[in-house]
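Shown next: work.cif, containing mmCIF, C-alpha atoms.
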```
data_input
loop_
_atom_site.label_atom_id
_atom_site.label_comp_id
_atom_site.auth_asym_id
_atom_site.auth_seq_id
_atom_site.Cartn_x
_atom_site.Cartn_y
_atom_site.Cartn_z
CA MET A 1 0.00 0.00 0.00
CA LEU A 2 1.23 3.46 -0.85
CA ASP A 3 -1.41 5.40 1.05
CA MET A 4 0.27 6.47 4.28
CA PHE A 5 3.63 8.19 4.68
CA VAL A 6 5.16 9.57 7.85
CA ALA A 7 7.66 12.39 8.28
CA LEU A 8 9.43 13.36 11.49
CA LEU A 9 10.55 16.95 11.20
CA HIS A 10 13.35 18.58 13.16
CA TYR A 11 12.58 21.97 11.65
CA PRO A 12 10.62 24.24 11.88
CA VAL A 13 9.80 23.38 15.48
CA VAL A 14 9.76 25.42 18.67
CA ASN A 15 11.66 25.06 21.92
CA LYS A 16 10.24 25.48 25.41
CA LYS A 17 10.41 29.26 25.11
CA GLY A 18 8.61 29.28 21.75
CA ASP A 19 11.67 30.14 19.62
CA THR A 20 11.89 28.46 16.22
CA ILE A 21 14.74 25.97 16.17
CA ALA A 22 16.20 22.99 14.31
CA SER A 23 16.25 20.17 16.87
CA ALA A 24 18.78 17.35 17.12
CA VAL A 25 17.99 13.88 15.80
CA THR A 26 17.36 11.28 18.53
CA ASN A 27 18.42 7.73 17.73
CA LEU A 28 15.56 6.15 19.59
CA ASP A 29 13.01 8.20 17.65
CA LEU A 30 14.27 6.52 14.51
CA HIS A 31 14.17 3.02 16.00
CA ASP A 32 10.80 3.29 17.72
CA ILE A 33 9.01 5.12 14.94
CA ALA A 34 10.47 2.84 12.24
CA ARG A 35 9.21 -0.21 14.14
CA ALA A 36 5.74 1.33 14.55
CA ALA A 37 5.75 2.40 10.89
CA LYS A 38 6.63 -1.12 9.77
CA THR A 39 3.93 -2.58 12.04
CA TYR A 40 1.22 -0.32 10.65
CA GLY A 41 2.13 -0.52 6.97
CA VAL A 42 3.62 2.94 6.48
CA ALA A 43 5.16 3.19 2.98
CA SER A 44 8.15 5.38 3.91
CA PHE A 45 9.27 7.13 7.08
CA TYR A 46 11.11 10.39 6.30
CA VAL A 47 13.51 11.91 8.81
CA VAL A 48 13.73 15.56 7.89
CA THR A 49 16.50 17.87 9.03
CA PRO A 50 18.15 20.82 7.30
CA LEU A 51 21.37 20.29 9.27
CA TYR A 52 24.10 18.52 7.37
CA ASP A 53 25.76 16.87 10.40
CA GLN A 54 22.38 15.54 11.56
CA GLN A 55 21.66 14.06 8.12
CA LYS A 56 25.03 12.40 8.28
CA LEU A 57 24.17 10.92 11.67
CA VAL A 58 20.94 9.47 10.28
CA LYS A 59 22.75 7.95 7.32
CA GLU A 60 25.39 6.40 9.57
CA LEU A 61 22.74 4.83 11.78
CA LEU A 62 20.91 3.47 8.75
CA SER A 63 24.02 2.08 7.18
CA HIS A 64 24.92 0.32 10.43
CA TRP A 65 21.55 -1.38 10.88
CA THR A 66 20.58 -2.07 7.31
CA THR A 67 23.85 -3.55 6.12
CA ASP A 68 25.70 -6.69 7.14
CA ALA A 69 26.97 -5.94 10.65
CA GLY A 70 23.72 -4.67 12.13
CA GLU A 71 21.50 -7.03 10.17
CA LYS A 72 23.33 -9.96 11.68
CA THR A 73 22.83 -8.82 15.27
CA ASN A 74 19.25 -7.72 14.83
CA LYS A 75 17.42 -8.40 11.58
CA ILE A 76 14.17 -6.99 12.97
CA ARG A 77 15.65 -3.53 13.48
CA GLY A 78 17.15 -3.54 10.01
CA GLU A 79 13.81 -4.47 8.50
CA ALA A 80 12.10 -1.54 10.20
CA LEU A 81 14.89 0.95 9.51
CA SER A 82 14.80 0.09 5.81
CA LEU A 83 11.66 2.28 5.72
CA VAL A 84 13.64 5.35 6.80
CA LYS A 85 14.59 7.98 4.24
CA PRO A 86 16.62 11.02 5.26
CA ALA A 87 15.50 14.30 3.71
CA GLU A 88 16.46 17.94 3.90
CA THR A 89 13.09 19.63 3.43
CA LEU A 90 9.39 18.90 3.31
CA ASP A 91 9.38 19.73 -0.41
CA GLU A 92 11.92 17.00 -1.01
CA VAL A 93 9.63 14.55 0.82
CA LYS A 94 6.60 15.57 -1.23
CA ALA A 95 8.55 15.19 -4.45
CA ASP A 96 9.68 11.71 -3.46
CA ILE A 97 6.10 10.65 -2.70
CA LYS A 98 4.93 12.05 -6.02
CA LYS A 99 7.63 10.02 -7.73
CA GLN A 100 6.42 6.85 -5.97
CA THR A 101 2.67 7.34 -6.30
CA GLY A 102 2.21 9.71 -9.20
CA ARG A 103 0.39 12.11 -6.90
CA GLU A 104 1.21 14.99 -4.60
CA PRO A 105 0.35 13.85 -1.03
CA GLU A 106 -2.14 15.63 1.20
CA THR A 107 -0.21 16.82 4.25
CA VAL A 108 -1.61 16.23 7.74
CA ALA A 109 0.12 18.10 10.55
CA THR A 110 -0.19 16.77 14.09
CA SER A 111 -0.34 18.87 17.23
CA ALA A 112 -1.19 18.54 20.90
CA ARG A 113 -3.60 21.43 20.41
CA ARG A 114 -6.90 21.41 18.54
CA TYR A 115 -7.24 23.69 15.53
CA GLU A 116 -10.40 24.78 13.81
CA LYS A 117 -9.56 23.13 10.53
CA SER A 118 -8.72 19.84 12.23
CA ILE A 119 -9.69 16.46 10.84
CA SER A 120 -10.88 13.57 13.04
CA PHE A 121 -9.21 10.19 13.26
CA ASP A 122 -12.34 8.53 11.91
CA ALA A 123 -12.45 10.78 8.87
CA LEU A 124 -8.77 10.28 8.06
CA ARG A 125 -9.08 6.52 8.59
CA GLN A 126 -11.81 6.54 5.93
CA HIS A 127 -9.81 8.74 3.54
CA LEU A 128 -6.84 6.40 3.80
CA LYS A 129 -8.97 3.56 2.46
CA GLU A 130 -9.55 5.54 -0.72
CA GLY A 131 -5.91 5.14 -1.64
CA ALA A 132 -4.75 8.74 -2.14
CA PRO A 133 -1.36 9.36 -0.50
CA TYR A 134 -1.43 11.11 2.87
CA LEU A 135 1.67 12.39 4.58
CA LEU A 136 1.52 12.56 8.38
CA LEU A 137 3.80 15.24 9.83
CA PHE A 138 5.21 14.95 13.35
CA GLY A 139 7.27 17.64 15.01
CA THR A 140 10.08 17.07 17.50
CA ALA A 141 10.99 19.32 20.46
CA TRP A 142 7.91 21.31 21.57
CA GLY A 143 6.09 20.86 18.26
CA PHE A 144 5.62 22.74 15.01
CA THR A 145 5.53 26.49 14.57
CA GLU A 146 2.03 27.92 14.09
CA GLN A 147 2.98 29.03 10.60
CA PHE A 148 3.91 25.48 9.60
CA ILE A 149 0.61 24.13 10.93
CA PHE A 150 -1.38 26.71 9.00
CA GLU A 151 0.38 25.74 5.78
CA ALA A 152 -0.52 22.02 6.06
CA ASP A 153 -3.54 20.74 4.12
CA HIS A 154 -5.05 19.28 7.32
CA VAL A 155 -4.40 19.20 11.04
CA LEU A 156 -5.22 15.99 12.86
CA HIS A 157 -7.24 16.15 16.08
CA PRO A 158 -4.95 15.92 19.08
CA VAL A 159 -4.66 12.61 20.89
CA MET A 160 -6.89 13.16 23.89
CA ALA A 161 -7.35 11.21 27.06
CA ASP A 162 -9.42 11.91 30.12
CA SER A 163 -6.79 14.02 31.83
CA ASN A 164 -5.38 17.52 31.76
CA TYR A 165 -1.88 16.21 31.07
CA ASN A 166 -1.11 16.14 27.38
CA HIS A 167 2.63 15.72 27.00
CA LEU A 168 3.29 12.46 25.20
CA SER A 169 6.71 11.83 23.71
CA VAL A 170 6.77 12.02 19.92
CA ARG A 171 7.48 8.26 19.95
CA SER A 172 4.27 7.62 21.89
CA ALA A 173 2.26 10.08 19.81
CA VAL A 174 3.27 8.50 16.49
CA SER A 175 2.47 5.01 17.83
CA ILE A 176 -0.98 6.02 19.04
CA VAL A 177 -1.84 7.95 15.87
CA LEU A 178 -0.83 5.02 13.64
CA ASP A 179 -2.87 2.64 15.78
CA ARG A 180 -5.94 4.85 15.60
CA LEU A 181 -5.59 5.11 11.82
CA LYS A 182 -4.55 1.56 11.00
CA GLY A 183 -4.97 -0.65 14.10
CA ASP A 184 -6.67 -3.97 13.48
CA TYR A 185 -9.87 -3.59 15.44
CA ARG A 186 -11.33 -6.82 14.14
CA GLY A 187 -8.40 -8.85 15.34
CA SER A 188 -7.83 -7.46 18.76
CA TYR A 189 -10.32 -4.83 19.80
CA ALA A 190 -13.53 -6.75 20.16
CA ASP A 191 -14.41 -10.25 21.20
CA ASP A 192 -15.01 -12.19 18.04
CA MET B 1 -9.21 7.00 39.82
CA LEU B 2 -7.49 3.98 41.27
CA ASP B 3 -8.55 1.49 38.64
CA MET B 4 -5.54 1.12 36.37
CA PHE B 5 -1.95 0.43 37.41
CA VAL B 6 1.02 -0.29 35.15
CA ALA B 7 4.16 -2.30 35.89
CA LEU B 8 7.22 -2.53 33.67
CA LEU B 9 9.09 -5.70 34.58
CA HIS B 10 12.76 -6.37 33.94
CA TYR B 11 12.43 -9.92 35.24
CA PRO B 12 11.43 -12.63 34.39
CA VAL B 13 11.86 -11.83 30.70
CA VAL B 14 13.62 -13.63 27.87
CA ASN B 15 16.44 -12.59 25.59
CA LYS B 16 16.65 -13.18 21.85
CA LYS B 17 17.71 -16.78 22.40
CA GLY B 18 14.85 -17.48 24.81
CA ASP B 19 16.95 -17.57 28.00
CA THR B 20 15.38 -16.10 31.12
CA ILE B 21 17.18 -12.93 32.12
CA ALA B 22 16.93 -9.77 34.23
CA SER B 23 17.18 -6.90 31.74
CA ALA B 24 18.72 -3.49 32.32
CA VAL B 25 16.56 -0.46 33.03
CA THR B 26 16.33 2.02 30.12
CA ASN B 27 15.99 5.68 31.08
CA LEU B 28 13.76 6.51 28.16
CA ASP B 29 11.31 3.73 29.08
CA LEU B 30 10.75 5.51 32.36
CA HIS B 31 10.28 8.93 30.76
CA ASP B 32 8.05 7.84 27.89
CA ILE B 33 5.89 5.44 29.87
CA ALA B 34 5.52 7.87 32.78
CA ARG B 35 4.31 10.56 30.37
CA ALA B 36 1.83 8.15 28.75
CA ALA B 37 0.72 6.91 32.18
CA LYS B 38 0.11 10.48 33.35
CA THR B 39 -1.81 11.26 30.14
CA TYR B 40 -4.10 8.25 30.51
CA GLY B 41 -4.78 8.51 34.23
CA VAL B 42 -2.71 5.55 35.45
CA ALA B 43 -2.64 5.54 39.27
CA SER B 44 0.96 4.32 39.70
CA PHE B 45 3.66 3.13 37.32
CA TYR B 46 5.89 0.48 38.92
CA VAL B 47 9.38 -0.17 37.62
CA VAL B 48 10.23 -3.67 38.77
CA THR B 49 13.74 -5.05 38.92
CA PRO B 50 15.33 -7.52 41.32
CA LEU B 51 18.78 -6.02 40.72
CA TYR B 52 19.98 -3.68 43.43
CA ASP B 53 22.14 -1.47 41.17
CA GLN B 54 19.25 -1.06 38.73
CA GLN B 55 16.89 -0.03 41.52
CA LYS B 56 19.47 2.50 42.59
CA LEU B 57 19.59 3.87 39.04
CA VAL B 58 15.80 4.30 39.00
CA LYS B 59 15.85 6.08 42.35
CA GLU B 60 18.61 8.43 41.19
CA LEU B 61 16.69 9.32 38.05
CA LEU B 62 13.54 9.96 40.05
CA SER B 63 15.29 12.06 42.62
CA HIS B 64 16.85 14.18 39.88
CA TRP B 65 13.60 14.90 38.06
CA THR B 66 11.16 15.08 40.93
CA THR B 67 13.17 17.35 43.18
CA ASP B 68 14.31 20.94 42.78
CA ALA B 69 16.99 20.77 40.07
CA GLY B 70 15.04 18.72 37.53
CA GLU B 71 11.69 20.26 38.36
CA LYS B 72 13.08 23.65 37.50
CA THR B 73 14.33 22.63 34.05
CA ASN B 74 11.31 20.57 33.14
CA LYS B 75 8.28 20.55 35.38
CA ILE B 76 6.34 18.36 32.96
CA ARG B 77 8.78 15.48 33.26
CA GLY B 78 8.78 15.71 37.03
CA GLU B 79 5.00 15.62 37.09
CA ALA B 80 4.94 12.41 35.04
CA LEU B 81 7.83 10.76 36.89
CA SER B 82 6.10 11.35 40.22
CA LEU B 83 3.90 8.37 39.21
CA VAL B 84 6.91 6.04 39.14
CA LYS B 85 7.48 3.63 42.02
CA PRO B 86 10.51 1.34 42.05
CA ALA B 87 9.82 -2.21 43.23
CA GLU B 88 11.75 -5.43 43.62
CA THR B 89 9.07 -8.01 42.87
CA LEU B 90 5.55 -8.34 41.51
CA ASP B 91 4.34 -9.35 44.97
CA GLU B 92 5.60 -6.07 46.36
CA VAL B 93 3.61 -4.24 43.64
CA LYS B 94 0.43 -6.16 44.40
CA ALA B 95 0.80 -5.45 48.11
CA ASP B 96 1.21 -1.73 47.43
CA ILE B 97 -1.93 -1.66 45.29
CA LYS B 98 -3.87 -3.52 47.98
CA LYS B 99 -2.71 -0.92 50.48
CA GLN B 100 -3.96 1.89 48.20
CA THR B 101 -7.25 0.36 47.09
CA GLY B 102 -8.12 -2.21 49.74
CA ARG B 103 -8.18 -4.90 47.03
CA GLU B 104 -5.77 -7.29 45.39
CA PRO B 105 -5.46 -6.22 41.72
CA GLU B 106 -6.31 -8.49 38.79
CA THR B 107 -3.10 -8.93 36.81
CA VAL B 108 -3.16 -8.55 33.03
CA ALA B 109 -0.04 -9.72 31.21
CA THR B 110 0.70 -8.33 27.75
CA SER B 111 2.37 -10.20 24.92
CA ALA B 112 2.96 -9.91 21.20
CA ARG B 113 1.42 -13.38 20.87
CA ARG B 114 -2.19 -14.38 21.32
CA TYR B 115 -3.04 -16.82 24.10
CA GLU B 116 -6.20 -18.84 24.54
CA LYS B 117 -7.17 -17.19 27.79
CA SER B 118 -6.67 -13.73 26.35
CA ILE B 119 -9.00 -10.84 27.07
CA SER B 120 -10.00 -8.27 24.43
CA PHE B 121 -9.37 -4.53 24.65
CA ASP B 122 -13.12 -3.90 24.61
CA ALA B 123 -13.76 -6.27 27.49
CA LEU B 124 -10.98 -4.81 29.61
CA ARG B 125 -12.09 -1.26 28.80
CA GLN B 126 -15.52 -2.18 30.20
CA HIS B 127 -14.08 -3.87 33.29
CA LEU B 128 -12.01 -0.79 34.07
CA LYS B 129 -15.18 1.27 34.31
CA GLU B 130 -16.37 -0.97 37.14
CA GLY B 131 -13.61 0.38 39.37
CA ALA B 132 -11.77 -2.79 40.48
CA PRO B 133 -8.01 -2.37 40.31
CA TYR B 134 -6.29 -3.86 37.28
CA LEU B 135 -2.54 -4.14 36.99
CA LEU B 136 -1.16 -4.14 33.43
CA LEU B 137 2.14 -5.99 33.13
CA PHE B 138 4.65 -5.13 30.41
CA GLY B 139 7.87 -7.05 29.83
CA THR B 140 11.13 -5.58 28.60
CA ALA B 141 13.71 -7.33 26.34
CA TRP B 142 11.94 -10.02 24.25
CA GLY B 143 8.94 -10.27 26.56
CA PHE B 144 7.80 -12.39 29.49
CA THR B 145 8.60 -16.05 30.08
CA GLU B 146 5.73 -18.42 29.24
CA GLN B 147 5.52 -19.41 32.89
CA PHE B 148 4.98 -15.81 33.96
CA ILE B 149 2.22 -15.35 31.40
CA PHE B 150 0.42 -18.48 32.54
CA GLU B 151 0.46 -17.24 36.13
CA ALA B 152 -1.23 -13.91 35.32
CA ASP B 153 -4.99 -13.62 35.87
CA HIS B 154 -5.49 -12.46 32.26
CA VAL B 155 -3.51 -11.99 29.08
CA LEU B 156 -4.42 -9.02 26.91
CA HIS B 157 -4.93 -9.56 23.17
CA PRO B 158 -1.82 -8.54 21.27
CA VAL B 159 -1.76 -5.17 19.53
CA MET B 160 -2.40 -6.15 15.94
CA ALA B 161 -2.14 -4.25 12.72
CA ASP B 162 -2.58 -5.31 9.15
CA SER B 163 0.98 -6.51 8.71
CA ASN B 164 3.15 -9.48 9.54
CA TYR B 165 5.60 -7.29 11.43
CA ASN B 166 4.85 -7.23 15.13
CA HIS B 167 7.87 -5.80 16.88
CA LEU B 168 6.86 -2.60 18.61
CA SER B 169 9.13 -1.15 21.27
CA VAL B 170 7.75 -1.53 24.80
CA ARG B 171 7.36 2.27 24.84
CA SER B 172 5.10 2.12 21.78
CA ALA B 173 3.20 -0.92 23.06
CA VAL B 174 2.37 0.70 26.40
CA SER B 175 1.24 3.90 24.68
CA ILE B 176 -1.07 2.05 22.29
CA VAL B 177 -2.52 -0.22 24.98
CA LEU B 178 -3.29 2.74 27.25
CA ASP B 179 -4.91 4.59 24.36
CA ARG B 180 -7.08 1.60 23.47
CA LEU B 181 -8.16 1.24 27.10
CA LYS B 182 -8.55 4.89 28.05
CA GLY B 183 -8.32 7.05 24.93
CA ASP B 184 -10.97 9.72 24.65
CA TYR B 185 -12.94 8.58 21.62
CA ARG B 186 -15.61 11.19 22.09
CA GLY B 187 -13.15 14.03 22.01
CA SER B 188 -10.92 13.10 19.14
CA TYR B 189 -11.99 9.98 17.32
CA ALA B 190 -15.22 10.94 15.66
CA ASP B 191 -16.55 14.15 14.20
CA ASP B 192 -18.88 15.62 16.75
#
```

Let me see whether you can do it: turn the structure in this file into structure tokens.
Amino acid sequence: MLDMFVALLHYPVVNKKGDTIASAVTNLDLHDIARAAKTYGVASFYVVTPLYDQQKLVKELLSHWTTDAGEKTNKIRGEALSLVKPAETLDEVKADIKKQTGREPETVATSARRYEKSISFDALRQHLKEGAPYLLLFGTAWGFTEQFIFEADHVLHPVMADSNYNHLSVRSAVSIVLDRLKGDYRGSYADD
Amino acid sequence: MLDMFVALLHYPVVNKKGDTIASAVTNLDLHDIARAAKTYGVASFYVVTPLYDQQKLVKELLSHWTTDAGEKTNKIRGEALSLVKPAETLDEVKADIKKQTGREPETVATSARRYEKSISFDALRQHLKEGAPYLLLFGTAWGFTEQFIFEADHVLHPVMADSNYNHLSVRSAVSIVLDRLKGDYRGSYADD
């Protein structure tokens, strides 16, 4: 399936104080999100950073795990990380998806806040079945800049629970969002 | 609410070869799972290890983040980590829950495999509303020993997706399970 793509962006995001920054790549983000992406049938997982040294770091990690040495110690990690594609900008990601699918993807920003133009999980789950490519955008650090969110085609509803605490790690947020969009309810949700 | 408790066990789990081991504590497990636990209203999050030096490590991490120095740099982490309780054994965890709630908790083991006596997410979600304490058990490394799973009161259905790849990190698995059991469907799932 070439319907769902995920990008983890390290720019443009904000820090605690609200300043726009380029955040550092975290190894475990790549591992955890690649494994979740592989589990839920994501077509490609883009790791986006404008910083050259950070791109290099991503490529080194990939080459370790997806070539002989790493594959031998842990095939499962290599399999998941083979979904990862480093990229410099969002435009580069969109172009790559267009090359794969023949279509420009609809972008879906995620945020811990709810925006007026936000789309529900149910609605997006339905859209995904129609086969058009959707690109889910996740921000590191303290999340995307407002400007970036306004420029996306859609904003996904925030993951909500019955509490006032809403500070999931990006690794948790991606996992939950993918499960809500692609989890196998038949197989494990209900008694059958 | 004192209905849902989570324990992350570092023993008895298996390694890649199937040997029973005591695994090492991972800092990021504590951070990510504490944040998810806080988000989904978990009453306490127990980090269980029989190894003295590993318990010490947990206590040091907690004392850093839940006292002055850490609280000042990141209040949100401290808030989540205040749910964490180190423990040596499962029995110690059960006793602590009994002390808090007046009742022995029902234990629910989790696994990437499906067992005959397994309980569905829907069924457990309903049970949780009845208020009896449930203790969700998550295993590190390559998961619990068979023996441990057989001794639990229940085994939760595995998290399934539409793929043959089923190797989520424990951080992702906990996040998804908590969302399936306590996610706010009203608020974010459907258009309303």

Output the residue selection produced by the PyMOL selection byres ((chain A) within 7 of (chain B)) on the file above, formatted as a PyMOL selection string.
-> chain A and resi 32+35-36+38-41+120-122+157-163+165-169+171-172+175-176+179+182-184+187-191

List the residues matched by the PyMOL selection byres ((chain A and resi 136) around 10) in the displayed structure as a ChimeraX atom specification, ordered by chain and then by residue number.
-> /A:4-8,45,105-110,133-135,137-138,152,154-156,174,177-178

Could you tell me which residues the PyMOL selection byres ((chain B and resi 14) around 10) returns for this structure, as a PyMOL selection string?
-> chain B and resi 10-13+15-23+139-146

Within 8 Å of Ala132 in chain B using only C-alpha atoms, minus same-chain residues under 4 positions, as a PyMOL selection string = chain B and resi 3+103+105+127-128

Selection near Gln54 in chain B, 10 Å with only C-alpha atoms, sequence-local residues under 4 positions removed, as a PyMOL selection string = chain B and resi 10+23-26+47-50+58-60+86+88

Need a file for range 101-123 of chain A from that block: N, CA, C and O atoms, written as a short mmCIF file (atom, residue, chain, number, x, y, z; two decimals), in the first residue's frame.
```
data_model
loop_
_atom_site.label_atom_id
_atom_site.label_comp_id
_atom_site.auth_asym_id
_atom_site.auth_seq_id
_atom_site.Cartn_x
_atom_site.Cartn_y
_atom_site.Cartn_z
N THR A 101 4.12 7.59 -6.17
CA THR A 101 2.67 7.34 -6.30
C THR A 101 2.05 8.04 -7.50
O THR A 101 0.90 7.77 -7.83
N GLY A 102 2.78 8.94 -8.09
CA GLY A 102 2.21 9.71 -9.20
C GLY A 102 1.36 10.88 -8.74
O GLY A 102 0.81 11.61 -9.55
N ARG A 103 1.23 11.03 -7.42
CA ARG A 103 0.39 12.11 -6.90
C ARG A 103 1.07 12.88 -5.78
O ARG A 103 1.80 12.30 -4.97
N GLU A 104 0.76 14.15 -5.72
CA GLU A 104 1.21 14.99 -4.60
C GLU A 104 0.43 14.52 -3.35
O GLU A 104 -0.80 14.36 -3.40
N PRO A 105 1.10 14.29 -2.21
CA PRO A 105 0.35 13.85 -1.03
C PRO A 105 -0.41 14.99 -0.36
O PRO A 105 -0.02 16.15 -0.48
N GLU A 106 -1.49 14.66 0.31
CA GLU A 106 -2.14 15.63 1.20
C GLU A 106 -1.36 15.61 2.51
O GLU A 106 -1.12 14.53 3.08
N THR A 107 -0.98 16.77 3.00
CA THR A 107 -0.21 16.82 4.25
C THR A 107 -1.15 16.95 5.46
O THR A 107 -2.13 17.70 5.42
N VAL A 108 -0.82 16.21 6.50
CA VAL A 108 -1.61 16.23 7.74
C VAL A 108 -0.67 16.53 8.90
O VAL A 108 0.10 15.67 9.32
N ALA A 109 -0.72 17.75 9.40
CA ALA A 109 0.12 18.10 10.55
C ALA A 109 -0.51 17.54 11.82
O ALA A 109 -1.73 17.36 11.89
N THR A 110 0.32 17.22 12.80
CA THR A 110 -0.19 16.77 14.09
C THR A 110 0.23 17.78 15.15
O THR A 110 1.26 18.44 15.03
N SER A 111 -0.59 17.89 16.17
CA SER A 111 -0.34 18.87 17.23
C SER A 111 -1.03 18.41 18.50
O SER A 111 -2.02 17.66 18.45
N ALA A 112 -0.52 18.85 19.63
CA ALA A 112 -1.19 18.54 20.90
C ALA A 112 -2.37 19.48 21.13
O ALA A 112 -3.15 19.28 22.04
N ARG A 113 -2.46 20.52 20.28
CA ARG A 113 -3.60 21.43 20.41
C ARG A 113 -4.63 21.16 19.32
O ARG A 113 -4.32 20.61 18.28
N ARG A 114 -5.85 21.60 19.55
CA ARG A 114 -6.90 21.41 18.54
C ARG A 114 -7.07 22.69 17.74
O ARG A 114 -7.20 23.77 18.30
N TYR A 115 -7.06 22.55 16.43
CA TYR A 115 -7.24 23.69 15.53
C TYR A 115 -8.60 23.61 14.87
O TYR A 115 -9.18 22.53 14.73
N GLU A 116 -9.07 24.75 14.42
CA GLU A 116 -10.40 24.78 13.81
C GLU A 116 -10.51 23.89 12.60
O GLU A 116 -11.49 23.19 12.41
N LYS A 117 -9.47 23.91 11.76
CA LYS A 117 -9.56 23.13 10.53
C LYS A 117 -9.16 21.66 10.75
O LYS A 117 -8.79 20.98 9.82
N SER A 118 -9.26 21.18 11.98
CA SER A 118 -8.72 19.84 12.23
C SER A 118 -9.63 18.73 11.73
O SER A 118 -10.85 18.87 11.66
N ILE A 119 -9.00 17.62 11.39
CA ILE A 119 -9.69 16.46 10.84
C ILE A 119 -9.69 15.37 11.92
O ILE A 119 -8.73 15.24 12.68
N SER A 120 -10.77 14.61 12.00
CA SER A 120 -10.88 13.57 13.04
C SER A 120 -10.14 12.30 12.61
O SER A 120 -9.89 12.09 11.42
N PHE A 121 -9.85 11.47 13.56
CA PHE A 121 -9.21 10.19 13.26
C PHE A 121 -10.11 9.32 12.38
O PHE A 121 -9.64 8.69 11.44
N ASP A 122 -11.40 9.31 12.71
CA ASP A 122 -12.34 8.53 11.91
C ASP A 122 -12.34 8.96 10.45
O ASP A 122 -12.31 8.13 9.55
N ALA A 123 -12.39 10.26 10.24
CA ALA A 123 -12.45 10.78 8.87
C ALA A 123 -11.18 10.42 8.11
O ALA A 123 -11.23 9.95 6.96
#
```
